[in-house]
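Have a look at the structure below before the remarks.
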Amino acid sequence: MKACSVDGARRELTRAFRQAGLATPELDARLLVGQALELDHAALIAAAGRELTAAQADAITALAARRLACEPVARIAGKREFWGLDLRLNAETLVPRPESETVVEAALATIDRSDRQTVRVADLGTGSGALLLALLFALPGVRGIGTDTSLGALRCASENAAALALAERTLFVACDYGAALAGTFDLVVSNPPYVRHGEMAVLPPEVRLFDPPHALDGGADGLDGYRAIASEARRLLAPGGILVVELGAGQLAAVRSVFKPAGLTELPPRYDVSGIARALPLRAPA
């Protein structure tokens, strides 16, 4: 990148990202220039006319090259906001998507408000800890457990809990879904892998090249994770307990059929902002 002002660098990146066909060129350019210069949005505006040093220009060029190679901005930054919380990421965790907040919304909507202080929460396949930490943030005093098969993901979730002052209310366990959990829970949530194996190769490059495959691949029909959870649901749920699972687009009917033999009562699905059924709540017998 040639010597220019802060605003000039932002505009140059915007043009390059637009020409490359990136979905949000202006936003990506602003975030990456801000990251390179360690400036938030307000400071970036205030510094618009400032000339870049050679080192700053090189730093912006390096970040831009990563984005042009389809690396998501959240991966480059190493963090992503979810439910208003800044969550760190690593190579073993998915980038939390806004539609996953639908799971949090559905879970909070189904909890008896009079008993919220004593809710016991489990997040199966916690990744960065997004679902679990969002719920604990929304439910002061509540404790929860997150599980994952990836030790790297569990380290990331633990670091996020500590950064959010939630470490004393969390426990992270290495296991497949709920296999190592004893006792019962009032609320169980999960965003299992739900991409059909045959569709992995045609995912967008931002996902295919940078998200961990084990957190995406749901087997031949995309339902392996749901089957594993359904087989453990009655054991894990307290009487009247709630299970909320995230759904892939168009999977509502198939996931319903997976959970039907588990003997849970299906509650109305919750839809994301695009009108897609994104979360399915189910209740255990009282």
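Every chain in the structure tokens has a letter given in the order shown (A, B, ...), and although residue numbers restart at 1 in each chain, ligands are simply numbered from 1 in the order shown.
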Cys70 (chain A) surroundings by only C-alpha atoms, 7 Å radius, close-in-sequence under 2 positions cut, as a compact mmCIF listing (two decimals) with C-alpha atoms, in the first residue's frame:
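Once written, around38.txt looks like this:
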# COMPACT_ATOMS: atom_id res chain seq x y z
CA ARG A 66 -5.69 -12.30 4.47
CA ARG A 67 -9.22 -11.02 3.83
CA LEU A 68 -8.73 -11.25 0.06
CA PRO A 72 -13.21 -13.99 7.74
CA PRO A 205 -14.68 -20.47 1.31
CA GLU A 206 -14.90 -18.37 4.50
Which residues are near region 9-14 of chain A? Cut-off 12 Å, only C-alpha atoms, ignore same chain within fewer than 4 positions. Put them as a PDB file with N, CA, C and O atoms, in the first residue's frame.
ATOM      1  N   MET A   1       0.845  -1.191   0.000  1.00  0.00           N
ATOM      2  CA  MET A   1       0.000   0.000   0.000  1.00  0.00           C
ATOM      3  C   MET A   1       0.882   1.244   0.000  1.00  0.00           C
ATOM      4  O   MET A   1       1.835   1.342   0.770  1.00  0.00           O
ATOM      5  N   LYS A   2       0.571   2.179  -0.886  1.00  0.00           N
ATOM      6  CA  LYS A   2       1.329   3.426  -0.963  1.00  0.00           C
ATOM      7  C   LYS A   2       1.008   4.306   0.242  1.00  0.00           C
ATOM      8  O   LYS A   2      -0.020   4.139   0.902  1.00  0.00           O
ATOM      9  N   ALA A   3       1.918   5.247   0.510  1.00  0.00           N
ATOM     10  CA  ALA A   3       1.680   6.188   1.607  1.00  0.00           C
ATOM     11  C   ALA A   3       0.379   6.933   1.369  1.00  0.00           C
ATOM     12  O   ALA A   3       0.130   7.431   0.263  1.00  0.00           O
ATOM     13  N   CYS A   4      -0.458   6.996   2.383  1.00  0.00           N
ATOM     14  CA  CYS A   4      -1.736   7.702   2.260  1.00  0.00           C
ATOM     15  C   CYS A   4      -2.264   7.962   3.656  1.00  0.00           C
ATOM     16  O   CYS A   4      -1.656   7.600   4.667  1.00  0.00           O
ATOM     17  N   SER A   5      -3.430   8.581   3.718  1.00  0.00           N
ATOM     18  CA  SER A   5      -4.058   8.864   5.004  1.00  0.00           C
ATOM     19  C   SER A   5      -4.820   7.640   5.499  1.00  0.00           C
ATOM     20  O   SER A   5      -5.029   6.664   4.765  1.00  0.00           O
ATOM     21  N   ARG A  18     -14.482  -4.713  -2.759  1.00  0.00           N
ATOM     22  CA  ARG A  18     -15.643  -4.707  -3.645  1.00  0.00           C
ATOM     23  C   ARG A  18     -15.307  -5.397  -4.963  1.00  0.00           C
ATOM     24  O   ARG A  18     -16.096  -6.190  -5.492  1.00  0.00           O
ATOM     25  N   GLN A  19     -14.148  -5.114  -5.517  1.00  0.00           N
ATOM     26  CA  GLN A  19     -13.734  -5.746  -6.767  1.00  0.00           C
ATOM     27  C   GLN A  19     -13.585  -7.255  -6.612  1.00  0.00           C
ATOM     28  O   GLN A  19     -13.809  -8.016  -7.563  1.00  0.00           O
ATOM     29  N   ALA A  20     -13.218  -7.688  -5.400  1.00  0.00           N
ATOM     30  CA  ALA A  20     -13.067  -9.123  -5.149  1.00  0.00           C
ATOM     31  C   ALA A  20     -14.407  -9.807  -4.890  1.00  0.00           C
ATOM     32  O   ALA A  20     -14.463 -11.030  -4.741  1.00  0.00           O
ATOM     33  N   GLY A  21     -15.493  -9.030  -4.819  1.00  0.00           N
ATOM     34  CA  GLY A  21     -16.812  -9.596  -4.617  1.00  0.00           C
ATOM     35  C   GLY A  21     -17.151  -9.933  -3.180  1.00  0.00           C
ATOM     36  O   GLY A  21     -18.075 -10.710  -2.933  1.00  0.00           O
ATOM     37  N   LEU A  22     -16.431  -9.350  -2.225  1.00  0.00           N
ATOM     38  CA  LEU A  22     -16.751  -9.605  -0.821  1.00  0.00           C
ATOM     39  C   LEU A  22     -18.087  -8.960  -0.470  1.00  0.00           C
ATOM     40  O   LEU A  22     -18.441  -7.902  -0.990  1.00  0.00           O
ATOM     41  N   ALA A  23     -18.805  -9.590   0.429  1.00  0.00           N
ATOM     42  CA  ALA A  23     -20.187  -9.186   0.705  1.00  0.00           C
ATOM     43  C   ALA A  23     -20.306  -7.833   1.385  1.00  0.00           C
ATOM     44  O   ALA A  23     -21.242  -7.072   1.112  1.00  0.00           O
ATOM     45  N   THR A  24     -19.377  -7.505   2.279  1.00  0.00           N
ATOM     46  CA  THR A  24     -19.462  -6.253   3.056  1.00  0.00           C
ATOM     47  C   THR A  24     -18.135  -5.502   2.964  1.00  0.00           C
ATOM     48  O   THR A  24     -17.403  -5.403   3.963  1.00  0.00           O
ATOM     49  N   PRO A  25     -17.810  -4.956   1.802  1.00  0.00           N
ATOM     50  CA  PRO A  25     -16.482  -4.348   1.613  1.00  0.00           C
ATOM     51  C   PRO A  25     -16.215  -3.149   2.515  1.00  0.00           C
ATOM     52  O   PRO A  25     -15.110  -3.015   3.058  1.00  0.00           O
ATOM     53  N   GLU A  26     -17.213  -2.268   2.690  1.00  0.00           N
ATOM     54  CA  GLU A  26     -16.993  -1.077   3.525  1.00  0.00           C
ATOM     55  C   GLU A  26     -16.751  -1.461   4.977  1.00  0.00           C
ATOM     56  O   GLU A  26     -15.830  -0.947   5.626  1.00  0.00           O
ATOM     57  N   LEU A  27     -17.580  -2.344   5.487  1.00  0.00           N
ATOM     58  CA  LEU A  27     -17.442  -2.761   6.881  1.00  0.00           C
ATOM     59  C   LEU A  27     -16.117  -3.483   7.102  1.00  0.00           C
ATOM     60  O   LEU A  27     -15.403  -3.219   8.082  1.00  0.00           O
ATOM     61  N   ASP A  28     -15.777  -4.400   6.199  1.00  0.00           N
ATOM     62  CA  ASP A  28     -14.529  -5.145   6.344  1.00  0.00           C
ATOM     63  C   ASP A  28     -13.331  -4.200   6.337  1.00  0.00           C
ATOM     64  O   ASP A  28     -12.397  -4.354   7.138  1.00  0.00           O
ATOM     65  N   ALA A  29     -13.356  -3.223   5.429  1.00  0.00           N
ATOM     66  CA  ALA A  29     -12.244  -2.281   5.343  1.00  0.00           C
ATOM     67  C   ALA A  29     -12.117  -1.471   6.622  1.00  0.00           C
ATOM     68  O   ALA A  29     -11.013  -1.293   7.154  1.00  0.00           O
ATOM     69  N   ARG A  30     -13.235  -0.992   7.139  1.00  0.00           N
ATOM     70  CA  ARG A  30     -13.188  -0.190   8.365  1.00  0.00           C
ATOM     71  C   ARG A  30     -12.655  -1.006   9.528  1.00  0.00           C
ATOM     72  O   ARG A  30     -11.802  -0.543  10.304  1.00  0.00           O
ATOM     73  N   LEU A  31     -13.132  -2.237   9.669  1.00  0.00           N
ATOM     74  CA  LEU A  31     -12.710  -3.069  10.796  1.00  0.00           C
ATOM     75  C   LEU A  31     -11.227  -3.419  10.716  1.00  0.00           C
ATOM     76  O   LEU A  31     -10.512  -3.401  11.723  1.00  0.00           O
ATOM     77  N   LEU A  32     -10.743  -3.714   9.515  1.00  0.00           N
ATOM     78  CA  LEU A  32      -9.351  -4.123   9.389  1.00  0.00           C
ATOM     79  C   LEU A  32      -8.388  -2.950   9.542  1.00  0.00           C
ATOM     80  O   LEU A  32      -7.316  -3.087  10.144  1.00  0.00           O
ATOM     81  N   VAL A  33      -8.749  -1.789   9.008  1.00  0.00           N
ATOM     82  CA  VAL A  33      -7.906  -0.609   9.227  1.00  0.00           C
ATOM     83  C   VAL A  33      -7.885  -0.277  10.717  1.00  0.00           C
ATOM     84  O   VAL A  33      -6.826   0.028  11.294  1.00  0.00           O
ATOM     85  N   GLY A  34      -9.037  -0.354  11.346  1.00  0.00           N
ATOM     86  CA  GLY A  34      -9.102  -0.092  12.780  1.00  0.00           C
ATOM     87  C   GLY A  34      -8.269  -1.074  13.578  1.00  0.00           C
ATOM     88  O   GLY A  34      -7.583  -0.692  14.538  1.00  0.00           O
ATOM     89  N   GLN A  35      -8.295  -2.355  13.178  1.00  0.00           N
ATOM     90  CA  GLN A  35      -7.495  -3.344  13.893  1.00  0.00           C
ATOM     91  C   GLN A  35      -6.002  -3.077  13.713  1.00  0.00           C
ATOM     92  O   GLN A  35      -5.234  -3.128  14.674  1.00  0.00           O
ATOM     93  N   ALA A  36      -5.593  -2.783  12.486  1.00  0.00           N
ATOM     94  CA  ALA A  36      -4.175  -2.546  12.227  1.00  0.00           C
ATOM     95  C   ALA A  36      -3.650  -1.353  13.020  1.00  0.00           C
ATOM     96  O   ALA A  36      -2.508  -1.360  13.484  1.00  0.00           O
ATOM     97  N   LEU A  37      -4.492  -0.349  13.180  1.00  0.00           N
ATOM     98  CA  LEU A  37      -4.070   0.867  13.873  1.00  0.00           C
ATOM     99  C   LEU A  37      -4.471   0.883  15.345  1.00  0.00           C
ATOM    100  O   LEU A  37      -4.186   1.854  16.051  1.00  0.00           O
ATOM    101  N   LEU A  44     -11.162   6.063  14.744  1.00  0.00           N
ATOM    102  CA  LEU A  44     -10.835   5.947  13.322  1.00  0.00           C
ATOM    103  C   LEU A  44     -11.355   7.161  12.557  1.00  0.00           C
ATOM    104  O   LEU A  44     -10.666   7.702  11.676  1.00  0.00           O
ATOM    105  N   ILE A  45     -12.545   7.608  12.908  1.00  0.00           N
ATOM    106  CA  ILE A  45     -13.104   8.804  12.264  1.00  0.00           C
ATOM    107  C   ILE A  45     -12.267  10.026  12.608  1.00  0.00           C
ATOM    108  O   ILE A  45     -11.941  10.840  11.742  1.00  0.00           O
ATOM    109  N   ALA A  47      -9.200  10.138  13.297  1.00  0.00           N
ATOM    110  CA  ALA A  47      -7.861  10.065  12.708  1.00  0.00           C
ATOM    111  C   ALA A  47      -7.890  10.000  11.189  1.00  0.00           C
ATOM    112  O   ALA A  47      -6.857   9.742  10.559  1.00  0.00           O
ATOM    113  N   ALA A  48      -9.030  10.263  10.581  1.00  0.00           N
ATOM    114  CA  ALA A  48      -9.193  10.048   9.142  1.00  0.00           C
ATOM    115  C   ALA A  48      -8.123  10.733   8.289  1.00  0.00           C
ATOM    116  O   ALA A  48      -7.642  10.171   7.295  1.00  0.00           O
ATOM    117  N   GLY A  49      -7.725  11.931   8.648  1.00  0.00           N
ATOM    118  CA  GLY A  49      -6.778  12.674   7.826  1.00  0.00           C
ATOM    119  C   GLY A  49      -5.321  12.421   8.152  1.00  0.00           C
ATOM    120  O   GLY A  49      -4.422  12.959   7.476  1.00  0.00           O
ATOM    121  N   ARG A  50      -5.060  11.604   9.148  1.00  0.00           N
ATOM    122  CA  ARG A  50      -3.684  11.366   9.570  1.00  0.00           C
ATOM    123  C   ARG A  50      -2.938  10.499   8.560  1.00  0.00           C
ATOM    124  O   ARG A  50      -3.488   9.521   8.036  1.00  0.00           O
ATOM    125  N   GLU A  51      -1.683  10.845   8.293  1.00  0.00           N
ATOM    126  CA  GLU A  51      -0.878  10.064   7.355  1.00  0.00           C
ATOM    127  C   GLU A  51      -0.371   8.786   8.042  1.00  0.00           C
ATOM    128  O   GLU A  51       0.055   8.815   9.192  1.00  0.00           O
ATOM    129  N   LEU A  52      -0.399   7.700   7.303  1.00  0.00           N
ATOM    130  CA  LEU A  52       0.087   6.436   7.822  1.00  0.00           C
ATOM    131  C   LEU A  52       1.610   6.387   7.793  1.00  0.00           C
ATOM    132  O   LEU A  52       2.242   6.910   6.870  1.00  0.00           O
ATOM    133  N   THR A  53       2.175   5.724   8.773  1.00  0.00           N
ATOM    134  CA  THR A  53       3.599   5.421   8.718  1.00  0.00           C
ATOM    135  C   THR A  53       3.788   4.209   7.798  1.00  0.00           C
ATOM    136  O   THR A  53       2.824   3.491   7.473  1.00  0.00           O
ATOM    137  N   GLN A  56       2.581   1.091   9.535  1.00  0.00           N
ATOM    138  CA  GLN A  56       1.122   0.990   9.580  1.00  0.00           C
ATOM    139  C   GLN A  56       0.559   0.567   8.225  1.00  0.00           C
ATOM    140  O   GLN A  56      -0.346  -0.261   8.155  1.00  0.00           O
ATOM    141  N   ALA A  57       1.105   1.137   7.164  1.00  0.00           N
ATOM    142  CA  ALA A  57       0.653   0.765   5.821  1.00  0.00           C
ATOM    143  C   ALA A  57       0.920  -0.714   5.559  1.00  0.00           C
ATOM    144  O   ALA A  57       0.082  -1.424   4.985  1.00  0.00           O
ATOM    145  N   ASP A  58       2.087  -1.207   6.001  1.00  0.00           N
ATOM    146  CA  ASP A  58       2.413  -2.616   5.816  1.00  0.00           C
ATOM    147  C   ASP A  58       1.470  -3.508   6.617  1.00  0.00           C
ATOM    148  O   ASP A  58       1.057  -4.578   6.144  1.00  0.00           O
ATOM    149  N   ALA A  59       1.127  -3.073   7.819  1.00  0.00           N
ATOM    150  CA  ALA A  59       0.221  -3.860   8.653  1.00  0.00           C
ATOM    151  C   ALA A  59      -1.158  -3.959   8.006  1.00  0.00           C
ATOM    152  O   ALA A  59      -1.776  -5.028   7.990  1.00  0.00           O
ATOM    153  N   ILE A  60      -1.639  -2.854   7.451  1.00  0.00           N
ATOM    154  CA  ILE A  60      -2.942  -2.861   6.771  1.00  0.00           C
ATOM    155  C   ILE A  60      -2.894  -3.753   5.539  1.00  0.00           C
ATOM    156  O   ILE A  60      -3.817  -4.543   5.278  1.00  0.00           O
ATOM    157  N   THR A  61      -1.803  -3.681   4.778  1.00  0.00           N
ATOM    158  CA  THR A  61      -1.660  -4.509   3.585  1.00  0.00           C
ATOM    159  C   THR A  61      -1.688  -5.992   3.941  1.00  0.00           C
ATOM    160  O   THR A  61      -2.313  -6.808   3.245  1.00  0.00           O
ATOM    161  N   ALA A  62      -1.038  -6.358   5.036  1.00  0.00           N
ATOM    162  CA  ALA A  62      -0.999  -7.760   5.451  1.00  0.00           C
ATOM    163  C   ALA A  62      -2.389  -8.265   5.830  1.00  0.00           C
ATOM    164  O   ALA A  62      -2.786  -9.380   5.460  1.00  0.00           O
ATOM    165  N   LEU A  63      -3.145  -7.462   6.564  1.00  0.00           N
ATOM    166  CA  LEU A  63      -4.503  -7.867   6.937  1.00  0.00           C
ATOM    167  C   LEU A  63      -5.403  -7.945   5.713  1.00  0.00           C
ATOM    168  O   LEU A  63      -6.236  -8.858   5.602  1.00  0.00           O
ATOM    169  N   ALA A  64      -5.248  -7.004   4.800  1.00  0.00           N
ATOM    170  CA  ALA A  64      -6.060  -7.010   3.581  1.00  0.00           C
ATOM    171  C   ALA A  64      -5.804  -8.264   2.758  1.00  0.00           C
ATOM    172  O   ALA A  64      -6.735  -8.857   2.193  1.00  0.00           O
ATOM    173  N   ALA A  65      -4.551  -8.695   2.686  1.00  0.00           N
ATOM    174  CA  ALA A  65      -4.217  -9.898   1.927  1.00  0.00           C
ATOM    175  C   ALA A  65      -4.913 -11.120   2.516  1.00  0.00           C
ATOM    176  O   ALA A  65      -5.393 -11.996   1.776  1.00  0.00           O
ATOM    177  N   ARG A  67      -7.781 -11.097   4.153  1.00  0.00           N
ATOM    178  CA  ARG A  67      -9.215 -11.016   3.829  1.00  0.00           C
ATOM    179  C   ARG A  67      -9.460 -11.358   2.367  1.00  0.00           C
ATOM    180  O   ARG A  67     -10.443 -12.031   2.046  1.00  0.00           O
ATOM    181  N   LEU A  68      -8.563 -10.935   1.483  1.00  0.00           N
ATOM    182  CA  LEU A  68      -8.728 -11.245   0.056  1.00  0.00           C
ATOM    183  C   LEU A  68      -8.549 -12.742  -0.208  1.00  0.00           C
ATOM    184  O   LEU A  68      -8.995 -13.246  -1.246  1.00  0.00           O
TER     185      LEU A  68
END
Closest-contact table, region 47-163 of chain A side, partner region 210-225 of chain A, 9 Å, counting only C-alpha atoms, as JSON lines:
{"residue": "A:Cys70", "atom": "CA", "partner": "A:Phe210", "partner_atom": "CA", "distance": 8.7}
{"residue": "A:Glu71", "atom": "CA", "partner": "A:Phe210", "partner_atom": "CA", "distance": 6.7}
{"residue": "A:Pro72", "atom": "CA", "partner": "A:Phe210", "partner_atom": "CA", "distance": 7.9}
{"residue": "A:Arg75", "atom": "CA", "partner": "A:Phe210", "partner_atom": "CA", "distance": 7.9}
{"residue": "A:Ala91", "atom": "CA", "partner": "A:Pro212", "partner_atom": "CA", "distance": 6.6}
{"residue": "A:Glu92", "atom": "CA", "partner": "A:Pro212", "partner_atom": "CA", "distance": 5.7}
{"residue": "A:Thr93", "atom": "CA", "partner": "A:Pro212", "partner_atom": "CA", "distance": 6.5}
{"residue": "A:Leu94", "atom": "CA", "partner": "A:Asp211", "partner_atom": "CA", "distance": 5.5}
{"residue": "A:Val95", "atom": "CA", "partner": "A:Asp211", "partner_atom": "CA", "distance": 7.2}
{"residue": "A:Gly125", "atom": "CA", "partner": "A:Ala215", "partner_atom": "CA", "distance": 8.3}
{"residue": "A:Gly127", "atom": "CA", "partner": "A:Ala215", "partner_atom": "CA", "distance": 8.2}
Using only C-alpha atoms, determine which residues lie at most 12 Å from Ala162 (chain A), disregarding the query and same-chain residues fewer than 3 positions distant; provide the list as a compact mmCIF listing (two decimals) with N, CA and C atoms, in the first residue's frame.
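And here's out.txt as it stands now:
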# COMPACT_ATOMS: atom_id res chain seq x y z
N ASP A 86 -17.90 -9.95 23.78
CA ASP A 86 -16.74 -10.16 22.93
C ASP A 86 -16.15 -11.52 23.25
N LEU A 87 -16.16 -12.42 22.27
CA LEU A 87 -15.66 -13.77 22.46
C LEU A 87 -14.40 -14.00 21.63
N ARG A 88 -13.39 -14.54 22.26
CA ARG A 88 -12.18 -14.91 21.54
C ARG A 88 -12.44 -16.18 20.75
N GLY A 129 -17.83 -21.33 23.61
CA GLY A 129 -18.64 -21.09 24.80
C GLY A 129 -19.77 -20.11 24.56
N LEU A 133 -22.14 -19.04 27.68
CA LEU A 133 -21.78 -17.77 28.32
C LEU A 133 -22.86 -16.72 28.12
N ARG A 155 -10.25 -24.85 25.85
CA ARG A 155 -9.36 -23.79 26.34
C ARG A 155 -9.89 -22.43 25.95
N CYS A 156 -10.38 -22.31 24.72
CA CYS A 156 -10.93 -21.03 24.25
C CYS A 156 -12.15 -20.64 25.08
N ALA A 157 -13.05 -21.60 25.32
CA ALA A 157 -14.26 -21.32 26.10
C ALA A 157 -13.90 -20.90 27.52
N SER A 158 -12.90 -21.58 28.10
CA SER A 158 -12.48 -21.25 29.46
C SER A 158 -11.89 -19.84 29.52
N GLU A 159 -11.09 -19.48 28.52
CA GLU A 159 -10.52 -18.13 28.47
C GLU A 159 -11.63 -17.08 28.34
N ALA A 165 -15.60 -12.66 33.46
CA ALA A 165 -15.83 -12.82 34.90
C ALA A 165 -16.89 -13.87 35.19
N LEU A 166 -16.91 -14.93 34.38
CA LEU A 166 -17.87 -16.02 34.58
C LEU A 166 -17.19 -17.34 34.92
N ALA A 167 -15.88 -17.29 35.16
CA ALA A 167 -15.13 -18.54 35.38
C ALA A 167 -15.66 -19.32 36.58
N GLU A 168 -16.05 -18.63 37.65
CA GLU A 168 -16.51 -19.32 38.85
C GLU A 168 -17.88 -19.97 38.68
N ARG A 169 -18.55 -19.62 37.60
CA ARG A 169 -19.88 -20.18 37.35
C ARG A 169 -19.88 -21.20 36.22
N THR A 170 -18.69 -21.57 35.72
CA THR A 170 -18.61 -22.48 34.60
C THR A 170 -17.69 -23.65 34.89
N LEU A 171 -17.97 -24.76 34.22
CA LEU A 171 -17.10 -25.93 34.23
C LEU A 171 -17.08 -26.45 32.80
#### Entry: Between CA of Val195 (chain A) and CA of Ala109 (chain A) - distance in Å to one decimal
27.0 Å
### Query
Residues at most 7 Å from Leu264 (chain A), counting only C-alpha atoms, excluding those fewer than 6 positions away in the same chain, as a PyMOL selection string?
chain A and resi 282-285
### Query
If we count only C-alpha atoms, what is near Gly248 (chain A) at a cut-off of 12 Å, once residues fewer than 2 positions away on the same chain are taken out, given as a PyMOL selection string?
chain A and resi 99-100+191-196+216-218+221-223+225-226+245-246+250-255+271-272+276-280
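Between Arg97 (chain A) and the candidates A:Ile229, A:Val121, A:Ala163, A:Val207, the tightest atom-to-atom separation, counting only C-alpha atoms, involves A:Val207.
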### Message
Residues within 12 Å of region 134-139 of chain A, please, as number ranges by chain. Count only C-alpha atoms; anything in the same chain fewer than 4 positions from it doesn't count.
### Response
A: 81-87, 96, 100-109, 111-123, 126, 128-130, 143-146, 157, 160-161, 164-171, 187-189
Written selection (C-alpha atoms) as a PDB file, in the first residue's frame:
ATOM      1  CA  GLU A  81     -19.321 -10.347  19.260  1.00  0.00           C
ATOM      2  CA  PHE A  82     -22.190 -12.624  20.291  1.00  0.00           C
ATOM      3  CA  TRP A  83     -25.135 -11.596  22.481  1.00  0.00           C
ATOM      4  CA  GLY A  84     -23.263  -8.362  23.174  1.00  0.00           C
ATOM      5  CA  LEU A  85     -20.216 -10.268  24.469  1.00  0.00           C
ATOM      6  CA  ASP A  86     -16.736 -10.161  22.927  1.00  0.00           C
ATOM      7  CA  LEU A  87     -15.656 -13.773  22.456  1.00  0.00           C
ATOM      8  CA  PRO A  96     -20.442 -17.612  16.303  1.00  0.00           C
ATOM      9  CA  SER A 100     -27.324 -18.770  16.847  1.00  0.00           C
ATOM     10  CA  GLU A 101     -28.626 -16.054  19.149  1.00  0.00           C
ATOM     11  CA  THR A 102     -32.052 -17.507  18.304  1.00  0.00           C
ATOM     12  CA  VAL A 103     -31.121 -20.495  20.491  1.00  0.00           C
ATOM     13  CA  VAL A 104     -30.420 -18.191  23.413  1.00  0.00           C
ATOM     14  CA  GLU A 105     -33.700 -16.348  22.843  1.00  0.00           C
ATOM     15  CA  ALA A 106     -35.657 -19.615  22.711  1.00  0.00           C
ATOM     16  CA  ALA A 107     -33.980 -20.927  25.855  1.00  0.00           C
ATOM     17  CA  LEU A 108     -34.673 -17.786  27.874  1.00  0.00           C
ATOM     18  CA  ALA A 109     -38.273 -17.690  26.668  1.00  0.00           C
ATOM     19  CA  ILE A 111     -37.447 -20.911  31.432  1.00  0.00           C
ATOM     20  CA  ASP A 112     -39.840 -20.414  34.330  1.00  0.00           C
ATOM     21  CA  ARG A 113     -38.978 -16.905  35.494  1.00  0.00           C
ATOM     22  CA  SER A 114     -39.673 -17.750  39.133  1.00  0.00           C
ATOM     23  CA  ASP A 115     -36.981 -20.448  39.149  1.00  0.00           C
ATOM     24  CA  ARG A 116     -34.259 -18.759  37.109  1.00  0.00           C
ATOM     25  CA  GLN A 117     -31.806 -18.509  40.008  1.00  0.00           C
ATOM     26  CA  THR A 118     -31.604 -22.302  40.344  1.00  0.00           C
ATOM     27  CA  VAL A 119     -31.439 -23.281  36.675  1.00  0.00           C
ATOM     28  CA  ARG A 120     -28.741 -25.854  35.854  1.00  0.00           C
ATOM     29  CA  VAL A 121     -27.413 -25.376  32.306  1.00  0.00           C
ATOM     30  CA  ALA A 122     -25.419 -27.591  29.949  1.00  0.00           C
ATOM     31  CA  ASP A 123     -24.089 -26.675  26.501  1.00  0.00           C
ATOM     32  CA  THR A 126     -19.710 -25.593  23.398  1.00  0.00           C
ATOM     33  CA  SER A 128     -16.048 -20.875  22.023  1.00  0.00           C
ATOM     34  CA  GLY A 129     -18.642 -21.085  24.804  1.00  0.00           C
ATOM     35  CA  ALA A 130     -20.993 -18.710  22.979  1.00  0.00           C
ATOM     36  CA  ARG A 143     -23.999 -22.079  36.814  1.00  0.00           C
ATOM     37  CA  GLY A 144     -23.361 -24.168  33.728  1.00  0.00           C
ATOM     38  CA  ILE A 145     -21.245 -26.859  32.093  1.00  0.00           C
ATOM     39  CA  GLY A 146     -19.900 -26.849  28.557  1.00  0.00           C
ATOM     40  CA  ALA A 157     -14.256 -21.316  26.102  1.00  0.00           C
ATOM     41  CA  ASN A 160     -13.755 -16.458  27.391  1.00  0.00           C
ATOM     42  CA  ALA A 161     -15.413 -17.332  30.685  1.00  0.00           C
ATOM     43  CA  LEU A 164     -16.202 -12.195  31.149  1.00  0.00           C
ATOM     44  CA  ALA A 165     -15.829 -12.817  34.901  1.00  0.00           C
ATOM     45  CA  LEU A 166     -17.868 -16.019  34.576  1.00  0.00           C
ATOM     46  CA  ALA A 167     -15.133 -18.536  35.379  1.00  0.00           C
ATOM     47  CA  GLU A 168     -16.506 -19.321  38.851  1.00  0.00           C
ATOM     48  CA  ARG A 169     -19.876 -20.183  37.350  1.00  0.00           C
ATOM     49  CA  THR A 170     -18.608 -22.481  34.596  1.00  0.00           C
ATOM     50  CA  LEU A 171     -17.102 -25.930  34.229  1.00  0.00           C
ATOM     51  CA  LEU A 187     -31.726 -26.422  30.428  1.00  0.00           C
ATOM     52  CA  VAL A 188     -29.609 -28.107  27.760  1.00  0.00           C
ATOM     53  CA  VAL A 189     -28.606 -26.279  24.587  1.00  0.00           C
TER      54      VAL A 189
END
### Task
From a DSSP pass on the backbone, collect the residues of region 79-190 of chain A flagged as strand (DSSP E or B) and hand them back as a ChimeraX atom specification.
/A:79-82,85-88,120-124,143-148,170-174,185-190
### Message
Excluding Arg235 (chain A) and its own-chain neighbours fewer than 6 positions away, which residues fall within 12 Å of it when counting only C-alpha atoms? Please give them as an MDAnalysis selection string.
### Response
chainID A and resid 178:186 188 229 241 243 262:264 284:285
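Counting from CA of Ala174 (chain A), the distance to CA of Arg234 (chain A) is 20.8 Å.
Here CA of Glu38 (chain A) and CA of Arg208 (chain A) stand 28.8 Å from one another.
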### Query
A:Ser274, A:Ser231, A:Ser257, A:Asn90: which is nearest Ser150 (chain A), counting only C-alpha atoms?
A:Asn90
